Amino acid sequence: MSYDPSNIFARILLGELPCKKIAEDEHTLAFEDINPQAPVHILVIPKGSYVDWSDFTRNASDVEQSAFTKMIGHVANIAGITDSGYRVISNSGNDGHQEVPHLHMHVLGGAAIGPMVSKR
Ligand code: 5GP
């Protein structure tokens, strides 16, 4: 899948759409999900144009990948869920049910959030 520069997260990065920012560094932005699925639901996105996890791990620099990984732990700390626990999910492609075609990690916590995958 090629990168669509008009996707919602690209527009947030450009400042065309607002977000409730949690943290930011040179390579990464973290903000609240607009439709939270748990008391804490934060999205972590790279600032570079990567469609999904496969694109990112193939094409992003080590510095970008390191910043992205560290930001996930950082926002968990900011949200106060490091000790209580949380889940990190990245939906990728059709089978992963990815809706926004810009890589994002969901950081979910603040309460027990149930089984990893819903039963069919
Ligand atoms: P996906 O299904 O692609 O893994 O998740 C996309 C996520 O983006 C969903 O959890 C959805 O609530 C969130 N989302 C969609 N549009 C917006 C938006 O405009 N702002 C924010 N903050 N989150 C959004």
# chains A, B, ... in the order shown; residues from 1 in each chain; ligands from 1
>>> closest_atom_pairs(of="chain A", to="ligand 1", cutoff="7 Å", atoms="only C-alpha atoms and all ligand atoms", output="JSON lines")
{"residue": "A:Ile8", "atom": "CA", "partner": "ligand 1", "partner_atom_place_in_ligand_line": "19 (O)", "distance": 5.8}
{"residue": "A:Cys19", "atom": "CA", "partner": "ligand 1", "partner_atom_place_in_ligand_line": "22 (N)", "distance": 5.4}
{"residue": "A:Lys20", "atom": "CA", "partner": "ligand 1", "partner_atom_place_in_ligand_line": "22 (N)", "distance": 6.9}
{"residue": "A:Phe31", "atom": "CA", "partner": "ligand 1", "partner_atom_place_in_ligand_line": "22 (N)", "distance": 6.3}
{"residue": "A:Glu32", "atom": "CA", "partner": "ligand 1", "partner_atom_place_in_ligand_line": "22 (N)", "distance": 5.3}
{"residue": "A:Asp33", "atom": "CA", "partner": "ligand 1", "partner_atom_place_in_ligand_line": "22 (N)", "distance": 4.1}
{"residue": "A:Ile34", "atom": "CA", "partner": "ligand 1", "partner_atom_place_in_ligand_line": "23 (N)", "distance": 4.0}
{"residue": "A:Asn35", "atom": "CA", "partner": "ligand 1", "partner_atom_place_in_ligand_line": "12 (O)", "distance": 4.2}
{"residue": "A:Pro36", "atom": "CA", "partner": "ligand 1", "partner_atom_place_in_ligand_line": "12 (O)", "distance": 6.4}
{"residue": "A:Ser90", "atom": "CA", "partner": "ligand 1", "partner_atom_place_in_ligand_line": "4 (O)", "distance": 6.1}
{"residue": "A:Asn91", "atom": "CA", "partner": "ligand 1", "partner_atom_place_in_ligand_line": "4 (O)", "distance": 4.5}
{"residue": "A:His97", "atom": "CA", "partner": "ligand 1", "partner_atom_place_in_ligand_line": "2 (O)", "distance": 5.8}
{"residue": "A:Gln98", "atom": "CA", "partner": "ligand 1", "partner_atom_place_in_ligand_line": "3 (O)", "distance": 3.8}
{"residue": "A:Glu99", "atom": "CA", "partner": "ligand 1", "partner_atom_place_in_ligand_line": "3 (O)", "distance": 3.4}
{"residue": "A:Val100", "atom": "CA", "partner": "ligand 1", "partner_atom_place_in_ligand_line": "3 (O)", "distance": 4.0}
{"residue": "A:Pro101", "atom": "CA", "partner": "ligand 1", "partner_atom_place_in_ligand_line": "3 (O)", "distance": 6.6}
{"residue": "A:His104", "atom": "CA", "partner": "ligand 1", "partner_atom_place_in_ligand_line": "4 (O)", "distance": 6.9}
>>> write_last_selection(atoms="all heavy atoms", output="compact mmCIF listing (two decimals), in the first residue's frame")
# COMPACT_ATOMS: atom_id res chain seq x y z
N ILE A 8 -5.81 11.11 7.94
CA ILE A 8 -6.12 11.95 9.11
C ILE A 8 -4.88 12.26 9.95
O ILE A 8 -4.70 13.39 10.41
CB ILE A 8 -7.20 11.26 9.96
CG1 ILE A 8 -8.55 11.28 9.23
CG2 ILE A 8 -7.35 11.92 11.32
CD1 ILE A 8 -9.59 10.38 9.84
N CYS A 19 -5.35 17.86 17.86
CA CYS A 19 -5.26 16.63 18.66
C CYS A 19 -4.95 17.02 20.09
O CYS A 19 -4.48 18.13 20.35
CB CYS A 19 -4.18 15.69 18.11
SG CYS A 19 -2.49 16.24 18.45
N LYS A 20 -5.27 16.12 21.01
CA LYS A 20 -4.91 16.33 22.42
C LYS A 20 -3.56 15.68 22.65
O LYS A 20 -3.45 14.47 22.91
CB LYS A 20 -5.98 15.73 23.34
CG LYS A 20 -7.28 16.50 23.30
CD LYS A 20 -8.25 16.03 24.37
CE LYS A 20 -9.55 16.81 24.30
NZ LYS A 20 -10.62 16.20 25.10
N PHE A 31 -0.80 11.25 21.10
CA PHE A 31 -2.01 12.03 21.40
C PHE A 31 -3.15 11.08 21.76
O PHE A 31 -3.09 9.87 21.50
CB PHE A 31 -2.39 12.92 20.21
CG PHE A 31 -2.51 12.19 18.89
CD1 PHE A 31 -3.73 11.72 18.43
CD2 PHE A 31 -1.39 11.97 18.09
CE1 PHE A 31 -3.85 11.06 17.22
CE2 PHE A 31 -1.49 11.30 16.88
CZ PHE A 31 -2.71 10.85 16.43
N GLU A 32 -4.20 11.65 22.36
CA GLU A 32 -5.34 10.84 22.78
C GLU A 32 -6.16 10.37 21.58
O GLU A 32 -6.37 11.15 20.64
CB GLU A 32 -6.24 11.66 23.71
CG GLU A 32 -5.61 11.96 25.05
CD GLU A 32 -6.54 12.77 25.95
OE1 GLU A 32 -7.73 12.92 25.63
OE2 GLU A 32 -6.03 13.27 26.97
N ASP A 33 -6.61 9.13 21.64
CA ASP A 33 -7.52 8.63 20.62
C ASP A 33 -8.87 9.35 20.75
O ASP A 33 -9.36 9.60 21.85
CB ASP A 33 -7.73 7.12 20.78
CG ASP A 33 -8.38 6.49 19.56
OD1 ASP A 33 -9.58 6.76 19.31
OD2 ASP A 33 -7.69 5.75 18.84
N ILE A 34 -9.47 9.70 19.62
CA ILE A 34 -10.72 10.48 19.62
C ILE A 34 -11.90 9.63 20.12
O ILE A 34 -12.91 10.18 20.58
CB ILE A 34 -11.00 11.03 18.20
CG1 ILE A 34 -11.89 12.25 18.25
CG2 ILE A 34 -11.58 9.97 17.28
CD1 ILE A 34 -11.94 13.03 16.93
N ASN A 35 -11.77 8.32 20.04
CA ASN A 35 -12.85 7.41 20.44
C ASN A 35 -12.27 6.33 21.35
O ASN A 35 -12.11 5.18 20.94
CB ASN A 35 -13.48 6.80 19.17
CG ASN A 35 -14.64 5.90 19.48
OD1 ASN A 35 -15.28 6.02 20.53
ND2 ASN A 35 -14.90 4.96 18.59
N PRO A 36 -11.97 6.71 22.61
CA PRO A 36 -11.19 5.81 23.47
C PRO A 36 -11.90 4.49 23.78
O PRO A 36 -13.09 4.48 24.06
CB PRO A 36 -10.98 6.63 24.74
CG PRO A 36 -11.97 7.74 24.69
CD PRO A 36 -12.28 7.98 23.25
N SER A 90 -0.77 -2.62 17.34
CA SER A 90 -0.75 -1.93 16.05
C SER A 90 -1.52 -2.76 15.04
O SER A 90 -1.13 -3.89 14.73
CB SER A 90 0.69 -1.71 15.58
OG SER A 90 0.67 -0.93 14.40
N ASN A 91 -2.62 -2.22 14.56
CA ASN A 91 -3.40 -2.89 13.52
C ASN A 91 -2.73 -2.62 12.18
O ASN A 91 -2.37 -1.48 11.89
CB ASN A 91 -4.83 -2.37 13.51
CG ASN A 91 -5.54 -2.65 14.82
OD1 ASN A 91 -5.37 -3.71 15.41
ND2 ASN A 91 -6.32 -1.69 15.30
N HIS A 97 -7.33 -5.03 10.42
CA HIS A 97 -8.40 -4.04 10.57
C HIS A 97 -7.85 -2.64 10.80
O HIS A 97 -8.35 -1.88 11.64
CB HIS A 97 -9.34 -4.46 11.72
CG HIS A 97 -10.74 -3.95 11.54
ND1 HIS A 97 -11.13 -2.68 11.88
CD2 HIS A 97 -11.84 -4.54 11.01
CE1 HIS A 97 -12.42 -2.52 11.59
NE2 HIS A 97 -12.86 -3.63 11.06
N GLN A 98 -6.83 -2.28 10.05
CA GLN A 98 -6.26 -0.92 10.15
C GLN A 98 -7.18 0.05 9.42
O GLN A 98 -7.53 -0.16 8.25
CB GLN A 98 -4.87 -0.90 9.51
CG GLN A 98 -4.20 0.47 9.57
CD GLN A 98 -2.80 0.46 8.96
OE1 GLN A 98 -2.36 -0.56 8.40
NE2 GLN A 98 -2.11 1.57 9.04
N GLU A 99 -7.58 1.13 10.11
CA GLU A 99 -8.47 2.11 9.49
C GLU A 99 -7.72 3.34 8.98
O GLU A 99 -8.06 3.88 7.94
CB GLU A 99 -9.55 2.54 10.49
CG GLU A 99 -10.54 1.41 10.76
CD GLU A 99 -11.58 1.75 11.81
OE1 GLU A 99 -11.53 2.85 12.37
OE2 GLU A 99 -12.43 0.88 12.06
N VAL A 100 -6.72 3.79 9.73
CA VAL A 100 -5.97 4.98 9.31
C VAL A 100 -4.62 4.53 8.76
O VAL A 100 -3.83 3.90 9.48
CB VAL A 100 -5.78 5.96 10.50
CG1 VAL A 100 -4.98 7.17 10.05
CG2 VAL A 100 -7.13 6.39 11.06
N PRO A 101 -4.32 4.85 7.48
CA PRO A 101 -3.13 4.31 6.84
C PRO A 101 -1.85 5.11 7.12
O PRO A 101 -1.12 5.49 6.19
CB PRO A 101 -3.51 4.32 5.36
CG PRO A 101 -4.42 5.50 5.23
CD PRO A 101 -5.19 5.57 6.52
N HIS A 104 0.41 3.60 13.52
CA HIS A 104 0.13 4.06 14.89
C HIS A 104 0.11 2.87 15.83
O HIS A 104 -0.32 1.79 15.47
CB HIS A 104 -1.20 4.82 14.97
CG HIS A 104 -2.34 4.14 14.31
ND1 HIS A 104 -2.51 4.10 12.95
CD2 HIS A 104 -3.39 3.46 14.83
CE1 HIS A 104 -3.60 3.45 12.64
NE2 HIS A 104 -4.15 3.01 13.78
>>> residues_around(residues="Ile89 of chain A", least_positions_apart="6", cutoff="9 Å", atoms="only C-alpha atoms", output="VMD selection string")
chain A and resid 104 to 108
>>> write_last_selection(atoms="all heavy atoms", output="mmCIF file, in the first residue's frame")
data_model
loop_
_atom_site.group_PDB
_atom_site.id
_atom_site.type_symbol
_atom_site.label_atom_id
_atom_site.label_comp_id
_atom_site.auth_asym_id
_atom_site.auth_seq_id
_atom_site.Cartn_x
_atom_site.Cartn_y
_atom_site.Cartn_z
ATOM 1 N N HIS A 104 0.406 3.599 13.521
ATOM 2 C CA HIS A 104 0.130 4.058 14.895
ATOM 3 C C HIS A 104 0.108 2.868 15.832
ATOM 4 O O HIS A 104 -0.316 1.785 15.466
ATOM 5 C CB HIS A 104 -1.197 4.823 14.973
ATOM 6 C CG HIS A 104 -2.343 4.144 14.312
ATOM 7 N ND1 HIS A 104 -2.507 4.105 12.949
ATOM 8 C CD2 HIS A 104 -3.393 3.461 14.825
ATOM 9 C CE1 HIS A 104 -3.600 3.447 12.641
ATOM 10 N NE2 HIS A 104 -4.155 3.015 13.776
ATOM 11 N N MET A 105 0.567 3.117 17.042
ATOM 12 C CA MET A 105 0.443 2.155 18.131
ATOM 13 C C MET A 105 -0.653 2.654 19.050
ATOM 14 O O MET A 105 -0.666 3.836 19.411
ATOM 15 C CB MET A 105 1.742 2.054 18.933
ATOM 16 C CG MET A 105 2.840 1.302 18.260
ATOM 17 S SD MET A 105 2.484 -0.466 18.219
ATOM 18 C CE MET A 105 3.891 -1.011 17.256
ATOM 19 N N HIS A 106 -1.550 1.758 19.421
ATOM 20 C CA HIS A 106 -2.541 2.050 20.445
ATOM 21 C C HIS A 106 -1.934 1.652 21.788
ATOM 22 O O HIS A 106 -1.457 0.526 21.943
ATOM 23 C CB HIS A 106 -3.801 1.201 20.240
ATOM 24 C CG HIS A 106 -4.520 1.431 18.952
ATOM 25 N ND1 HIS A 106 -5.651 2.207 18.853
ATOM 26 C CD2 HIS A 106 -4.286 0.958 17.698
ATOM 27 C CE1 HIS A 106 -6.092 2.197 17.599
ATOM 28 N NE2 HIS A 106 -5.283 1.443 16.878
ATOM 29 N N VAL A 107 -1.963 2.549 22.771
ATOM 30 C CA VAL A 107 -1.546 2.226 24.135
ATOM 31 C C VAL A 107 -2.809 2.301 24.992
ATOM 32 O O VAL A 107 -3.405 3.373 25.146
ATOM 33 C CB VAL A 107 -0.481 3.217 24.642
ATOM 34 C CG1 VAL A 107 -0.059 2.868 26.063
ATOM 35 C CG2 VAL A 107 0.731 3.231 23.707
ATOM 36 N N LEU A 108 -3.224 1.139 25.483
ATOM 37 C CA LEU A 108 -4.523 1.014 26.162
ATOM 38 C C LEU A 108 -4.331 0.549 27.595
ATOM 39 O O LEU A 108 -3.594 -0.408 27.852
ATOM 40 C CB LEU A 108 -5.376 -0.027 25.428
ATOM 41 C CG LEU A 108 -5.754 0.316 23.996
ATOM 42 C CD1 LEU A 108 -5.818 -0.942 23.151
ATOM 43 C CD2 LEU A 108 -7.081 1.038 23.958
#
>>> residues_around(residues="Ser84 of chain A", least_positions_apart="5", cutoff="9 Å", atoms="only C-alpha atoms", output="ChimeraX atom specification")
/A:109-112
>>> closest_residue(among="A:Met1, A:Ile78, A:Met116, A:Ile22", to="Asn94 of chain A", atoms="only C-alpha atoms")
A:Met1
>>> select_by_dssp(residues="segment 41-107 of chain A", states="strand (DSSP E)", output="ChimeraX atom specification")
/A:41-46,86-89,105-107
